[in-house]
Amino acid sequence: MDIYIVEDEKVTYMHLKMILERYGHKVIGNTGCGEEAIKEIIALKPDLVFMDIILLDDIDGIEVVEMCRKHIKSLNVVFLTALSNRKIEERIMKTPYKGLFHKPLNERKIKGMLEEIEEELLAESKP
């Protein structure tokens, strides 16, 4: 799968990139800024986006997803967060997503989720 990562922490980004590439996925872009993420996701149309909630600019990851979905209705998103906050969780629940991971990341869980998403995408692409 072609995957875009929106993550402002370099260590987390590098760890996630390593996991994704280990299982044969291609990271086609990354940023830690919401505005840049919107432009690049719309232009690149990745199969999957890993989206951090808190970003470097004034827009958060949930808002980025909402903006991108105006252009890509079937955007597949996995949220990443270091926070456990009721308000954020309520906002996430209102936004369709494929997964939610709390940092630090768990490779085994990410691998399992990637396999499920690949199966769904394969099933959707069959006539």
# chains A, B, ... in the order shown; residues from 1 in each chain; ligands from 1

call {"tool": "residues_around", "arguments": {"residues": "region 76-90 of chain A", "least_positions_apart": "6", "cutoff": "7 Å", "atoms": "only C-alpha atoms", "output": "mmCIF file with N, CA and C atoms, in the first residue's frame"}}
result
data_model
loop_
_atom_site.group_PDB
_atom_site.id
_atom_site.type_symbol
_atom_site.label_atom_id
_atom_site.label_comp_id
_atom_site.auth_asym_id
_atom_site.auth_seq_id
_atom_site.Cartn_x
_atom_site.Cartn_y
_atom_site.Cartn_z
ATOM 1 N N ASP A 47 -3.255 5.162 -0.256
ATOM 2 C CA ASP A 47 -4.188 4.099 0.123
ATOM 3 C C ASP A 47 -4.580 4.204 1.591
ATOM 4 N N LEU A 48 -3.655 4.740 2.401
ATOM 5 C CA LEU A 48 -3.850 4.823 3.849
ATOM 6 C C LEU A 48 -3.063 6.003 4.392
ATOM 7 N N VAL A 49 -3.630 6.668 5.398
ATOM 8 C CA VAL A 49 -2.960 7.778 6.080
ATOM 9 C C VAL A 49 -2.876 7.457 7.565
ATOM 10 N N PHE A 50 -1.677 7.553 8.115
ATOM 11 C CA PHE A 50 -1.493 7.516 9.564
ATOM 12 C C PHE A 50 -1.493 8.970 10.016
ATOM 13 N N MET A 51 -2.431 9.332 10.890
ATOM 14 C CA MET A 51 -2.661 10.735 11.248
ATOM 15 C C MET A 51 -2.500 10.972 12.742
ATOM 16 N N ASP A 52 -1.485 11.748 13.103
ATOM 17 C CA ASP A 52 -1.344 12.189 14.489
ATOM 18 C C ASP A 52 -2.455 13.196 14.778
ATOM 19 N N ILE A 53 -2.882 13.288 15.997
ATOM 20 C CA ILE A 53 -3.952 14.213 16.358
ATOM 21 C C ILE A 53 -3.412 15.634 16.556
ATOM 22 N N TYR A 97 -12.837 5.914 10.684
ATOM 23 C CA TYR A 97 -11.403 5.609 10.712
ATOM 24 C C TYR A 97 -11.202 4.101 10.747
ATOM 25 N N LYS A 98 -9.999 3.667 10.388
ATOM 26 C CA LYS A 98 -9.679 2.237 10.339
ATOM 27 C C LYS A 98 -9.007 1.755 11.618
ATOM 28 N N GLY A 99 -8.380 2.666 12.360
ATOM 29 C CA GLY A 99 -7.695 2.262 13.571
ATOM 30 C C GLY A 99 -7.296 3.459 14.405
ATOM 31 N N LEU A 100 -6.989 3.195 15.663
ATOM 32 C CA LEU A 100 -6.526 4.222 16.595
ATOM 33 C C LEU A 100 -5.435 3.584 17.445
ATOM 34 N N PHE A 101 -4.255 4.175 17.407
ATOM 35 C CA PHE A 101 -3.127 3.672 18.190
ATOM 36 C C PHE A 101 -2.636 4.739 19.142
ATOM 37 N N HIS A 102 -2.434 4.321 20.379
ATOM 38 C CA HIS A 102 -1.840 5.200 21.370
ATOM 39 C C HIS A 102 -0.331 4.973 21.351
ATOM 40 N N LYS A 103 0.403 6.067 21.471
ATOM 41 C CA LYS A 103 1.864 5.977 21.507
ATOM 42 C C LYS A 103 2.299 5.537 22.897
#

call {"tool": "residues_around", "arguments": {"residues": "Ile42 (chain A)", "least_positions_apart": "4", "cutoff": "8 Å", "atoms": "only C-alpha atoms", "output": "PyMOL selection string"}}
result
chain A and resi 38+68+71-72

call {"tool": "write_last_selection", "arguments": {"atoms": "C-alpha atoms", "output": "PDB file, in the first residue's frame"}}
result
ATOM      1  CA  ILE A  38      -4.117  18.487   3.338  1.00  0.00           C
ATOM      2  CA  CYS A  68      -9.320  15.811   2.924  1.00  0.00           C
ATOM      3  CA  HIS A  71     -11.948  15.656  -1.936  1.00  0.00           C
ATOM      4  CA  ILE A  72     -11.331  11.963  -1.194  1.00  0.00           C
TER       5      ILE A  72
END

call {"tool": "atom_distance", "arguments": {"atom1": "CA of Leu20 (chain A)", "atom2": "CA of Glu107 (chain A)"}}
result
9.1 Å

call {"tool": "select_by_dssp", "arguments": {"residues": "chain A", "states": "helix (DSSP H, G or I)", "output": "PDB file with N, CA and C atoms, in the first residue's frame"}}
result
ATOM      1  N   LYS A  10       9.691  13.205  15.199  1.00  0.00           N
ATOM      2  CA  LYS A  10      10.602  12.510  14.276  1.00  0.00           C
ATOM      3  C   LYS A  10      10.843  11.053  14.678  1.00  0.00           C
ATOM      4  N   VAL A  11      11.035  10.797  15.969  1.00  0.00           N
ATOM      5  CA  VAL A  11      11.307   9.436  16.428  1.00  0.00           C
ATOM      6  C   VAL A  11      10.109   8.526  16.127  1.00  0.00           C
ATOM      7  N   THR A  12       8.899   9.004  16.396  1.00  0.00           N
ATOM      8  CA  THR A  12       7.697   8.216  16.115  1.00  0.00           C
ATOM      9  C   THR A  12       7.552   7.990  14.613  1.00  0.00           C
ATOM     10  N   TYR A  13       7.801   9.037  13.824  1.00  0.00           N
ATOM     11  CA  TYR A  13       7.729   8.910  12.368  1.00  0.00           C
ATOM     12  C   TYR A  13       8.698   7.841  11.866  1.00  0.00           C
ATOM     13  N   MET A  14       9.951   7.897  12.308  1.00  0.00           N
ATOM     14  CA  MET A  14      10.968   6.946  11.843  1.00  0.00           C
ATOM     15  C   MET A  14      10.611   5.513  12.256  1.00  0.00           C
ATOM     16  N   HIS A  15      10.106   5.342  13.473  1.00  0.00           N
ATOM     17  CA  HIS A  15       9.694   4.014  13.953  1.00  0.00           C
ATOM     18  C   HIS A  15       8.549   3.467  13.092  1.00  0.00           C
ATOM     19  N   LEU A  16       7.535   4.286  12.857  1.00  0.00           N
ATOM     20  CA  LEU A  16       6.393   3.867  12.054  1.00  0.00           C
ATOM     21  C   LEU A  16       6.826   3.558  10.620  1.00  0.00           C
ATOM     22  N   LYS A  17       7.651   4.396  10.044  1.00  0.00           N
ATOM     23  CA  LYS A  17       8.146   4.182   8.673  1.00  0.00           C
ATOM     24  C   LYS A  17       8.878   2.845   8.586  1.00  0.00           C
ATOM     25  N   MET A  18       9.712   2.553   9.570  1.00  0.00           N
ATOM     26  CA  MET A  18      10.453   1.298   9.594  1.00  0.00           C
ATOM     27  C   MET A  18       9.487   0.105   9.632  1.00  0.00           C
ATOM     28  N   ILE A  19       8.462   0.184  10.470  1.00  0.00           N
ATOM     29  CA  ILE A  19       7.473  -0.889  10.576  1.00  0.00           C
ATOM     30  C   ILE A  19       6.771  -1.091   9.232  1.00  0.00           C
ATOM     31  N   LEU A  20       6.306  -0.008   8.648  1.00  0.00           N
ATOM     32  CA  LEU A  20       5.554  -0.090   7.396  1.00  0.00           C
ATOM     33  C   LEU A  20       6.406  -0.680   6.276  1.00  0.00           C
ATOM     34  N   GLU A  21       7.637  -0.222   6.163  1.00  0.00           N
ATOM     35  CA  GLU A  21       8.517  -0.719   5.105  1.00  0.00           C
ATOM     36  C   GLU A  21       8.913  -2.175   5.338  1.00  0.00           C
ATOM     37  N   ARG A  22       9.041  -2.571   6.584  1.00  0.00           N
ATOM     38  CA  ARG A  22       9.375  -3.957   6.913  1.00  0.00           C
ATOM     39  C   ARG A  22       8.315  -4.913   6.349  1.00  0.00           C
ATOM     40  N   GLY A  34      -0.548  20.365   9.518  1.00  0.00           N
ATOM     41  CA  GLY A  34      -1.868  20.082   8.985  1.00  0.00           C
ATOM     42  C   GLY A  34      -2.128  20.642   7.604  1.00  0.00           C
ATOM     43  N   GLU A  35      -1.785  21.914   7.398  1.00  0.00           N
ATOM     44  CA  GLU A  35      -2.039  22.554   6.101  1.00  0.00           C
ATOM     45  C   GLU A  35      -1.285  21.849   4.985  1.00  0.00           C
ATOM     46  N   GLU A  36      -0.036  21.509   5.232  1.00  0.00           N
ATOM     47  CA  GLU A  36       0.775  20.796   4.234  1.00  0.00           C
ATOM     48  C   GLU A  36       0.196  19.399   3.991  1.00  0.00           C
ATOM     49  N   ALA A  37      -0.246  18.752   5.055  1.00  0.00           N
ATOM     50  CA  ALA A  37      -0.827  17.411   4.935  1.00  0.00           C
ATOM     51  C   ALA A  37      -2.050  17.429   4.020  1.00  0.00           C
ATOM     52  N   ILE A  38      -2.914  18.404   4.173  1.00  0.00           N
ATOM     53  CA  ILE A  38      -4.117  18.487   3.338  1.00  0.00           C
ATOM     54  C   ILE A  38      -3.729  18.540   1.866  1.00  0.00           C
ATOM     55  N   LYS A  39      -2.819  19.439   1.514  1.00  0.00           N
ATOM     56  CA  LYS A  39      -2.394  19.593   0.115  1.00  0.00           C
ATOM     57  C   LYS A  39      -1.796  18.299  -0.424  1.00  0.00           C
ATOM     58  N   GLU A  40      -0.900  17.691   0.344  1.00  0.00           N
ATOM     59  CA  GLU A  40      -0.197  16.507  -0.149  1.00  0.00           C
ATOM     60  C   GLU A  40      -1.099  15.278  -0.221  1.00  0.00           C
ATOM     61  N   ILE A  41      -1.947  15.090   0.762  1.00  0.00           N
ATOM     62  CA  ILE A  41      -2.853  13.934   0.748  1.00  0.00           C
ATOM     63  C   ILE A  41      -3.804  14.026  -0.443  1.00  0.00           C
ATOM     64  N   ILE A  42      -4.357  15.199  -0.684  1.00  0.00           N
ATOM     65  CA  ILE A  42      -5.265  15.378  -1.824  1.00  0.00           C
ATOM     66  C   ILE A  42      -4.526  15.125  -3.133  1.00  0.00           C
ATOM     67  N   ALA A  43      -3.289  15.599  -3.235  1.00  0.00           N
ATOM     68  CA  ALA A  43      -2.515  15.420  -4.466  1.00  0.00           C
ATOM     69  C   ALA A  43      -2.051  13.977  -4.664  1.00  0.00           C
ATOM     70  N   LEU A  44      -1.607  13.323  -3.595  1.00  0.00           N
ATOM     71  CA  LEU A  44      -1.019  11.981  -3.711  1.00  0.00           C
ATOM     72  C   LEU A  44      -2.033  10.841  -3.650  1.00  0.00           C
ATOM     73  N   GLY A  61      -5.221  16.890  13.550  1.00  0.00           N
ATOM     74  CA  GLY A  61      -5.356  15.766  12.634  1.00  0.00           C
ATOM     75  C   GLY A  61      -6.787  15.429  12.271  1.00  0.00           C
ATOM     76  N   ILE A  62      -7.704  15.611  13.187  1.00  0.00           N
ATOM     77  CA  ILE A  62      -9.114  15.325  12.908  1.00  0.00           C
ATOM     78  C   ILE A  62      -9.638  16.310  11.860  1.00  0.00           C
ATOM     79  N   GLU A  63      -9.272  17.584  12.004  1.00  0.00           N
ATOM     80  CA  GLU A  63      -9.672  18.595  11.020  1.00  0.00           C
ATOM     81  C   GLU A  63      -9.047  18.316   9.651  1.00  0.00           C
ATOM     82  N   VAL A  64      -7.797  17.837   9.645  1.00  0.00           N
ATOM     83  CA  VAL A  64      -7.133  17.489   8.380  1.00  0.00           C
ATOM     84  C   VAL A  64      -7.942  16.412   7.666  1.00  0.00           C
ATOM     85  N   VAL A  65      -8.335  15.381   8.390  1.00  0.00           N
ATOM     86  CA  VAL A  65      -9.117  14.295   7.796  1.00  0.00           C
ATOM     87  C   VAL A  65     -10.435  14.834   7.239  1.00  0.00           C
ATOM     88  N   GLU A  66     -11.121  15.676   7.997  1.00  0.00           N
ATOM     89  CA  GLU A  66     -12.396  16.236   7.538  1.00  0.00           C
ATOM     90  C   GLU A  66     -12.215  17.036   6.250  1.00  0.00           C
ATOM     91  N   MET A  67     -11.152  17.827   6.173  1.00  0.00           N
ATOM     92  CA  MET A  67     -10.875  18.627   4.968  1.00  0.00           C
ATOM     93  C   MET A  67     -10.526  17.727   3.778  1.00  0.00           C
ATOM     94  N   CYS A  68      -9.718  16.719   4.008  1.00  0.00           N
ATOM     95  CA  CYS A  68      -9.320  15.811   2.924  1.00  0.00           C
ATOM     96  C   CYS A  68     -10.509  15.020   2.397  1.00  0.00           C
ATOM     97  N   ARG A  86     -11.162  12.601  26.679  1.00  0.00           N
ATOM     98  CA  ARG A  86     -12.552  12.299  26.306  1.00  0.00           C
ATOM     99  C   ARG A  86     -13.033  13.158  25.131  1.00  0.00           C
ATOM    100  N   LYS A  87     -12.696  14.433  25.126  1.00  0.00           N
ATOM    101  CA  LYS A  87     -13.147  15.334  24.068  1.00  0.00           C
ATOM    102  C   LYS A  87     -12.580  14.912  22.707  1.00  0.00           C
ATOM    103  N   ILE A  88     -11.291  14.582  22.686  1.00  0.00           N
ATOM    104  CA  ILE A  88     -10.653  14.139  21.437  1.00  0.00           C
ATOM    105  C   ILE A  88     -11.260  12.808  20.996  1.00  0.00           C
ATOM    106  N   GLU A  89     -11.437  11.879  21.924  1.00  0.00           N
ATOM    107  CA  GLU A  89     -12.009  10.577  21.579  1.00  0.00           C
ATOM    108  C   GLU A  89     -13.418  10.717  21.018  1.00  0.00           C
ATOM    109  N   GLU A  90     -14.205  11.639  21.550  1.00  0.00           N
ATOM    110  CA  GLU A  90     -15.548  11.874  21.027  1.00  0.00           C
ATOM    111  C   GLU A  90     -15.494  12.400  19.600  1.00  0.00           C
ATOM    112  N   ARG A  91     -14.549  13.305  19.322  1.00  0.00           N
ATOM    113  CA  ARG A  91     -14.387  13.837  17.964  1.00  0.00           C
ATOM    114  C   ARG A  91     -13.932  12.746  17.001  1.00  0.00           C
ATOM    115  N   ILE A  92     -13.023  11.885  17.453  1.00  0.00           N
ATOM    116  CA  ILE A  92     -12.551  10.794  16.600  1.00  0.00           C
ATOM    117  C   ILE A  92     -13.715   9.865  16.255  1.00  0.00           C
ATOM    118  N   MET A  93     -14.551   9.558  17.228  1.00  0.00           N
ATOM    119  CA  MET A  93     -15.665   8.629  17.015  1.00  0.00           C
ATOM    120  C   MET A  93     -16.657   9.144  15.968  1.00  0.00           C
ATOM    121  N   GLU A 107       4.215  -2.668  17.248  1.00  0.00           N
ATOM    122  CA  GLU A 107       4.409  -3.210  15.898  1.00  0.00           C
ATOM    123  C   GLU A 107       3.458  -4.351  15.577  1.00  0.00           C
ATOM    124  N   ARG A 108       3.259  -5.259  16.494  1.00  0.00           N
ATOM    125  CA  ARG A 108       2.386  -6.410  16.252  1.00  0.00           C
ATOM    126  C   ARG A 108       0.953  -5.963  15.950  1.00  0.00           C
ATOM    127  N   LYS A 109       0.455  -4.989  16.703  1.00  0.00           N
ATOM    128  CA  LYS A 109      -0.904  -4.493  16.477  1.00  0.00           C
ATOM    129  C   LYS A 109      -1.008  -3.752  15.143  1.00  0.00           C
ATOM    130  N   ILE A 110       0.017  -2.990  14.810  1.00  0.00           N
ATOM    131  CA  ILE A 110       0.021  -2.271  13.531  1.00  0.00           C
ATOM    132  C   ILE A 110       0.024  -3.275  12.380  1.00  0.00           C
ATOM    133  N   LYS A 111       0.838  -4.310  12.480  1.00  0.00           N
ATOM    134  CA  LYS A 111       0.905  -5.342  11.438  1.00  0.00           C
ATOM    135  C   LYS A 111      -0.467  -5.990  11.229  1.00  0.00           C
ATOM    136  N   GLY A 112      -1.131  -6.349  12.309  1.00  0.00           N
ATOM    137  CA  GLY A 112      -2.457  -6.955  12.212  1.00  0.00           C
ATOM    138  C   GLY A 112      -3.466  -6.035  11.558  1.00  0.00           C
ATOM    139  N   MET A 113      -3.444  -4.770  11.934  1.00  0.00           N
ATOM    140  CA  MET A 113      -4.362  -3.798  11.365  1.00  0.00           C
ATOM    141  C   MET A 113      -4.083  -3.594   9.879  1.00  0.00           C
ATOM    142  N   LEU A 114      -2.809  -3.570   9.487  1.00  0.00           N
ATOM    143  CA  LEU A 114      -2.457  -3.413   8.073  1.00  0.00           C
ATOM    144  C   LEU A 114      -2.992  -4.586   7.251  1.00  0.00           C
ATOM    145  N   GLU A 115      -2.883  -5.783   7.786  1.00  0.00           N
ATOM    146  CA  GLU A 115      -3.389  -6.970   7.090  1.00  0.00           C
ATOM    147  C   GLU A 115      -4.906  -6.875   6.890  1.00  0.00           C
ATOM    148  N   GLU A 116      -5.622  -6.409   7.907  1.00  0.00           N
ATOM    149  CA  GLU A 116      -7.077  -6.259   7.797  1.00  0.00           C
ATOM    150  C   GLU A 116      -7.445  -5.231   6.733  1.00  0.00           C
ATOM    151  N   ILE A 117      -6.745  -4.102   6.728  1.00  0.00           N
ATOM    152  CA  ILE A 117      -7.036  -3.045   5.748  1.00  0.00           C
ATOM    153  C   ILE A 117      -6.730  -3.529   4.335  1.00  0.00           C
ATOM    154  N   GLU A 118      -5.620  -4.254   4.161  1.00  0.00           N
ATOM    155  CA  GLU A 118      -5.290  -4.792   2.832  1.00  0.00           C
ATOM    156  C   GLU A 118      -6.386  -5.724   2.335  1.00  0.00           C
ATOM    157  N   GLU A 119      -6.900  -6.573   3.213  1.00  0.00           N
ATOM    158  CA  GLU A 119      -7.978  -7.488   2.836  1.00  0.00           C
ATOM    159  C   GLU A 119      -9.235  -6.708   2.423  1.00  0.00           C
ATOM    160  N   GLU A 120      -9.565  -5.662   3.189  1.00  0.00           N
ATOM    161  CA  GLU A 120     -10.741  -4.837   2.855  1.00  0.00           C
ATOM    162  C   GLU A 120     -10.572  -4.170   1.507  1.00  0.00           C
ATOM    163  N   LEU A 121      -9.397  -3.595   1.247  1.00  0.00           N
ATOM    164  CA  LEU A 121      -9.146  -2.914  -0.012  1.00  0.00           C
ATOM    165  C   LEU A 121      -9.190  -3.891  -1.184  1.00  0.00           C
ATOM    166  N   LEU A 122      -8.673  -5.080  -0.983  1.00  0.00           N
ATOM    167  CA  LEU A 122      -8.690  -6.099  -2.021  1.00  0.00           C
ATOM    168  C   LEU A 122     -10.139  -6.509  -2.329  1.00  0.00           C
ATOM    169  N   ALA A 123     -10.924  -6.704  -1.290  1.00  0.00           N
ATOM    170  CA  ALA A 123     -12.339  -7.075  -1.475  1.00  0.00           C
ATOM    171  C   ALA A 123     -13.108  -5.970  -2.187  1.00  0.00           C
ATOM    172  N   GLU A 124     -12.820  -4.713  -1.851  1.00  0.00           N
ATOM    173  CA  GLU A 124     -13.505  -3.580  -2.482  1.00  0.00           C
ATOM    174  C   GLU A 124     -13.148  -3.446  -3.956  1.00  0.00           C
ATOM    175  N   SER A 125     -11.935  -3.852  -4.324  1.00  0.00           N
ATOM    176  CA  SER A 125     -11.493  -3.687  -5.709  1.00  0.00           C
ATOM    177  C   SER A 125     -11.995  -4.785  -6.641  1.00  0.00           C
TER     178      SER A 125
END

call {"tool": "atom_distance", "arguments": {"atom1": "CA of Asp8 (chain A)", "atom2": "CA of Cys33 (chain A)"}}
result
7.2 Å

call {"tool": "atom_distance", "arguments": {"atom1": "CA of Lys73 (chain A)", "atom2": "CA of Asn106 (chain A)"}}
result
28.4 Å

call {"tool": "closest_residue", "arguments": {"among": "A:Ser74, A:Lys94, A:Pro46, A:Pro127", "to": "His25 (chain A)", "atoms": "only C-alpha atoms"}}
result
A:Pro46

call {"tool": "select_by_dssp", "arguments": {"residues": "chain A", "states": "strand (DSSP E)", "output": "ChimeraX atom specification"}}
result
/A:2-6,26-31,48-52,77-81,99-102

call {"tool": "write_last_selection", "arguments": {"atoms": "N, CA and C atoms", "output": "PDB file, in the first residue's frame"}}
result
ATOM      1  N   ASP A   2       0.376   2.290  -0.621  1.00  0.00           N
ATOM      2  CA  ASP A   2       1.017   3.603  -0.549  1.00  0.00           C
ATOM      3  C   ASP A   2       0.460   4.306   0.687  1.00  0.00           C
ATOM      4  N   ILE A   3       1.366   4.719   1.569  1.00  0.00           N
ATOM      5  CA  ILE A   3       0.952   5.268   2.864  1.00  0.00           C
ATOM      6  C   ILE A   3       1.566   6.642   3.084  1.00  0.00           C
ATOM      7  N   TYR A   4       0.764   7.560   3.602  1.00  0.00           N
ATOM      8  CA  TYR A   4       1.217   8.898   3.960  1.00  0.00           C
ATOM      9  C   TYR A   4       1.173   9.004   5.486  1.00  0.00           C
ATOM     10  N   ILE A   5       2.212   9.580   6.075  1.00  0.00           N
ATOM     11  CA  ILE A   5       2.289   9.713   7.529  1.00  0.00           C
ATOM     12  C   ILE A   5       2.250  11.190   7.919  1.00  0.00           C
ATOM     13  N   VAL A   6       1.323  11.536   8.795  1.00  0.00           N
ATOM     14  CA  VAL A   6       1.258  12.885   9.367  1.00  0.00           C
ATOM     15  C   VAL A   6       1.612  12.739  10.842  1.00  0.00           C
ATOM     16  N   LYS A  26       4.881   1.200   1.127  1.00  0.00           N
ATOM     17  CA  LYS A  26       5.676   2.337   0.644  1.00  0.00           C
ATOM     18  C   LYS A  26       5.173   3.624   1.301  1.00  0.00           C
ATOM     19  N   VAL A  27       6.061   4.317   1.988  1.00  0.00           N
ATOM     20  CA  VAL A  27       5.716   5.616   2.569  1.00  0.00           C
ATOM     21  C   VAL A  27       5.952   6.658   1.484  1.00  0.00           C
ATOM     22  N   ILE A  28       4.872   7.288   1.011  1.00  0.00           N
ATOM     23  CA  ILE A  28       4.964   8.204  -0.122  1.00  0.00           C
ATOM     24  C   ILE A  28       5.076   9.666   0.286  1.00  0.00           C
ATOM     25  N   GLY A  29       5.012   9.931   1.589  1.00  0.00           N
ATOM     26  CA  GLY A  29       5.156  11.302   2.047  1.00  0.00           C
ATOM     27  C   GLY A  29       4.927  11.405   3.536  1.00  0.00           C
ATOM     28  N   ASN A  30       5.371  12.534   4.079  1.00  0.00           N
ATOM     29  CA  ASN A  30       5.138  12.793   5.494  1.00  0.00           C
ATOM     30  C   ASN A  30       5.276  14.277   5.792  1.00  0.00           C
ATOM     31  N   THR A  31       4.608  14.679   6.852  1.00  0.00           N
ATOM     32  CA  THR A  31       4.710  16.044   7.363  1.00  0.00           C
ATOM     33  C   THR A  31       4.195  16.046   8.785  1.00  0.00           C
ATOM     34  N   LEU A  48      -3.655   4.740   2.401  1.00  0.00           N
ATOM     35  CA  LEU A  48      -3.850   4.823   3.849  1.00  0.00           C
ATOM     36  C   LEU A  48      -3.063   6.003   4.392  1.00  0.00           C
ATOM     37  N   VAL A  49      -3.630   6.668   5.398  1.00  0.00           N
ATOM     38  CA  VAL A  49      -2.960   7.778   6.080  1.00  0.00           C
ATOM     39  C   VAL A  49      -2.876   7.457   7.565  1.00  0.00           C
ATOM     40  N   PHE A  50      -1.677   7.553   8.115  1.00  0.00           N
ATOM     41  CA  PHE A  50      -1.493   7.516   9.564  1.00  0.00           C
ATOM     42  C   PHE A  50      -1.493   8.970  10.016  1.00  0.00           C
ATOM     43  N   MET A  51      -2.431   9.332  10.890  1.00  0.00           N
ATOM     44  CA  MET A  51      -2.661  10.735  11.248  1.00  0.00           C
ATOM     45  C   MET A  51      -2.500  10.972  12.742  1.00  0.00           C
ATOM     46  N   ASP A  52      -1.485  11.748  13.103  1.00  0.00           N
ATOM     47  CA  ASP A  52      -1.344  12.189  14.489  1.00  0.00           C
ATOM     48  C   ASP A  52      -2.455  13.196  14.778  1.00  0.00           C
ATOM     49  N   VAL A  77      -8.000   6.091   7.159  1.00  0.00           N
ATOM     50  CA  VAL A  77      -7.202   6.788   8.167  1.00  0.00           C
ATOM     51  C   VAL A  77      -7.007   5.933   9.406  1.00  0.00           C
ATOM     52  N   VAL A  78      -5.787   5.986   9.922  1.00  0.00           N
ATOM     53  CA  VAL A  78      -5.462   5.411  11.223  1.00  0.00           C
ATOM     54  C   VAL A  78      -4.960   6.572  12.074  1.00  0.00           C
ATOM     55  N   PHE A  79      -5.626   6.816  13.185  1.00  0.00           N
ATOM     56  CA  PHE A  79      -5.216   7.909  14.070  1.00  0.00           C
ATOM     57  C   PHE A  79      -4.129   7.447  15.035  1.00  0.00           C
ATOM     58  N   LEU A  80      -3.221   8.378  15.338  1.00  0.00           N
ATOM     59  CA  LEU A  80      -2.155   8.175  16.318  1.00  0.00           C
ATOM     60  C   LEU A  80      -2.292   9.252  17.379  1.00  0.00           C
ATOM     61  N   THR A  81      -2.118   8.877  18.637  1.00  0.00           N
ATOM     62  CA  THR A  81      -2.179   9.897  19.681  1.00  0.00           C
ATOM     63  C   THR A  81      -1.380   9.491  20.913  1.00  0.00           C
ATOM     64  N   GLY A  99      -8.380   2.666  12.360  1.00  0.00           N
ATOM     65  CA  GLY A  99      -7.695   2.262  13.571  1.00  0.00           C
ATOM     66  C   GLY A  99      -7.296   3.459  14.405  1.00  0.00           C
ATOM     67  N   LEU A 100      -6.989   3.195  15.663  1.00  0.00           N
ATOM     68  CA  LEU A 100      -6.526   4.222  16.595  1.00  0.00           C
ATOM     69  C   LEU A 100      -5.435   3.584  17.445  1.00  0.00           C
ATOM     70  N   PHE A 101      -4.255   4.175  17.407  1.00  0.00           N
ATOM     71  CA  PHE A 101      -3.127   3.672  18.190  1.00  0.00           C
ATOM     72  C   PHE A 101      -2.636   4.739  19.142  1.00  0.00           C
ATOM     73  N   HIS A 102      -2.434   4.321  20.379  1.00  0.00           N
ATOM     74  CA  HIS A 102      -1.840   5.200  21.370  1.00  0.00           C
ATOM     75  C   HIS A 102      -0.331   4.973  21.351  1.00  0.00           C
TER      76      HIS A 102
END

call {"tool": "decode", "arguments": {"residues": "region 89-102 of chain A", "atoms": "N, CA and C atoms", "output": "mmCIF file, in the first residue's frame"}}
result
data_model
loop_
_atom_site.group_PDB
_atom_site.id
_atom_site.type_symbol
_atom_site.label_atom_id
_atom_site.label_comp_id
_atom_site.auth_asym_id
_atom_site.auth_seq_id
_atom_site.Cartn_x
_atom_site.Cartn_y
_atom_site.Cartn_z
ATOM 1 N N GLU A 89 -11.437 11.879 21.924
ATOM 2 C CA GLU A 89 -12.009 10.577 21.579
ATOM 3 C C GLU A 89 -13.418 10.717 21.018
ATOM 4 N N GLU A 90 -14.205 11.639 21.550
ATOM 5 C CA GLU A 90 -15.548 11.874 21.027
ATOM 6 C C GLU A 90 -15.494 12.400 19.600
ATOM 7 N N ARG A 91 -14.549 13.305 19.322
ATOM 8 C CA ARG A 91 -14.387 13.837 17.964
ATOM 9 C C ARG A 91 -13.932 12.746 17.001
ATOM 10 N N ILE A 92 -13.023 11.885 17.453
ATOM 11 C CA ILE A 92 -12.551 10.794 16.600
ATOM 12 C C ILE A 92 -13.715 9.865 16.255
ATOM 13 N N MET A 93 -14.551 9.558 17.228
ATOM 14 C CA MET A 93 -15.665 8.629 17.015
ATOM 15 C C MET A 93 -16.657 9.144 15.968
ATOM 16 N N LYS A 94 -16.695 10.438 15.747
ATOM 17 C CA LYS A 94 -17.582 11.028 14.745
ATOM 18 C C LYS A 94 -16.957 11.004 13.351
ATOM 19 N N THR A 95 -15.708 10.581 13.262
ATOM 20 C CA THR A 95 -14.967 10.567 12.003
ATOM 21 C C THR A 95 -14.650 9.116 11.647
ATOM 22 N N PRO A 96 -15.110 8.614 10.510
ATOM 23 C CA PRO A 96 -14.791 7.223 10.145
ATOM 24 C C PRO A 96 -13.272 7.001 10.097
ATOM 25 N N TYR A 97 -12.837 5.914 10.684
ATOM 26 C CA TYR A 97 -11.403 5.609 10.712
ATOM 27 C C TYR A 97 -11.202 4.101 10.747
ATOM 28 N N LYS A 98 -9.999 3.667 10.388
ATOM 29 C CA LYS A 98 -9.679 2.237 10.339
ATOM 30 C C LYS A 98 -9.007 1.755 11.618
ATOM 31 N N GLY A 99 -8.380 2.666 12.360
ATOM 32 C CA GLY A 99 -7.695 2.262 13.571
ATOM 33 C C GLY A 99 -7.296 3.459 14.405
ATOM 34 N N LEU A 100 -6.989 3.195 15.663
ATOM 35 C CA LEU A 100 -6.526 4.222 16.595
ATOM 36 C C LEU A 100 -5.435 3.584 17.445
ATOM 37 N N PHE A 101 -4.255 4.175 17.407
ATOM 38 C CA PHE A 101 -3.127 3.672 18.190
ATOM 39 C C PHE A 101 -2.636 4.739 19.142
ATOM 40 N N HIS A 102 -2.434 4.321 20.379
ATOM 41 C CA HIS A 102 -1.840 5.200 21.370
ATOM 42 C C HIS A 102 -0.331 4.973 21.351
#
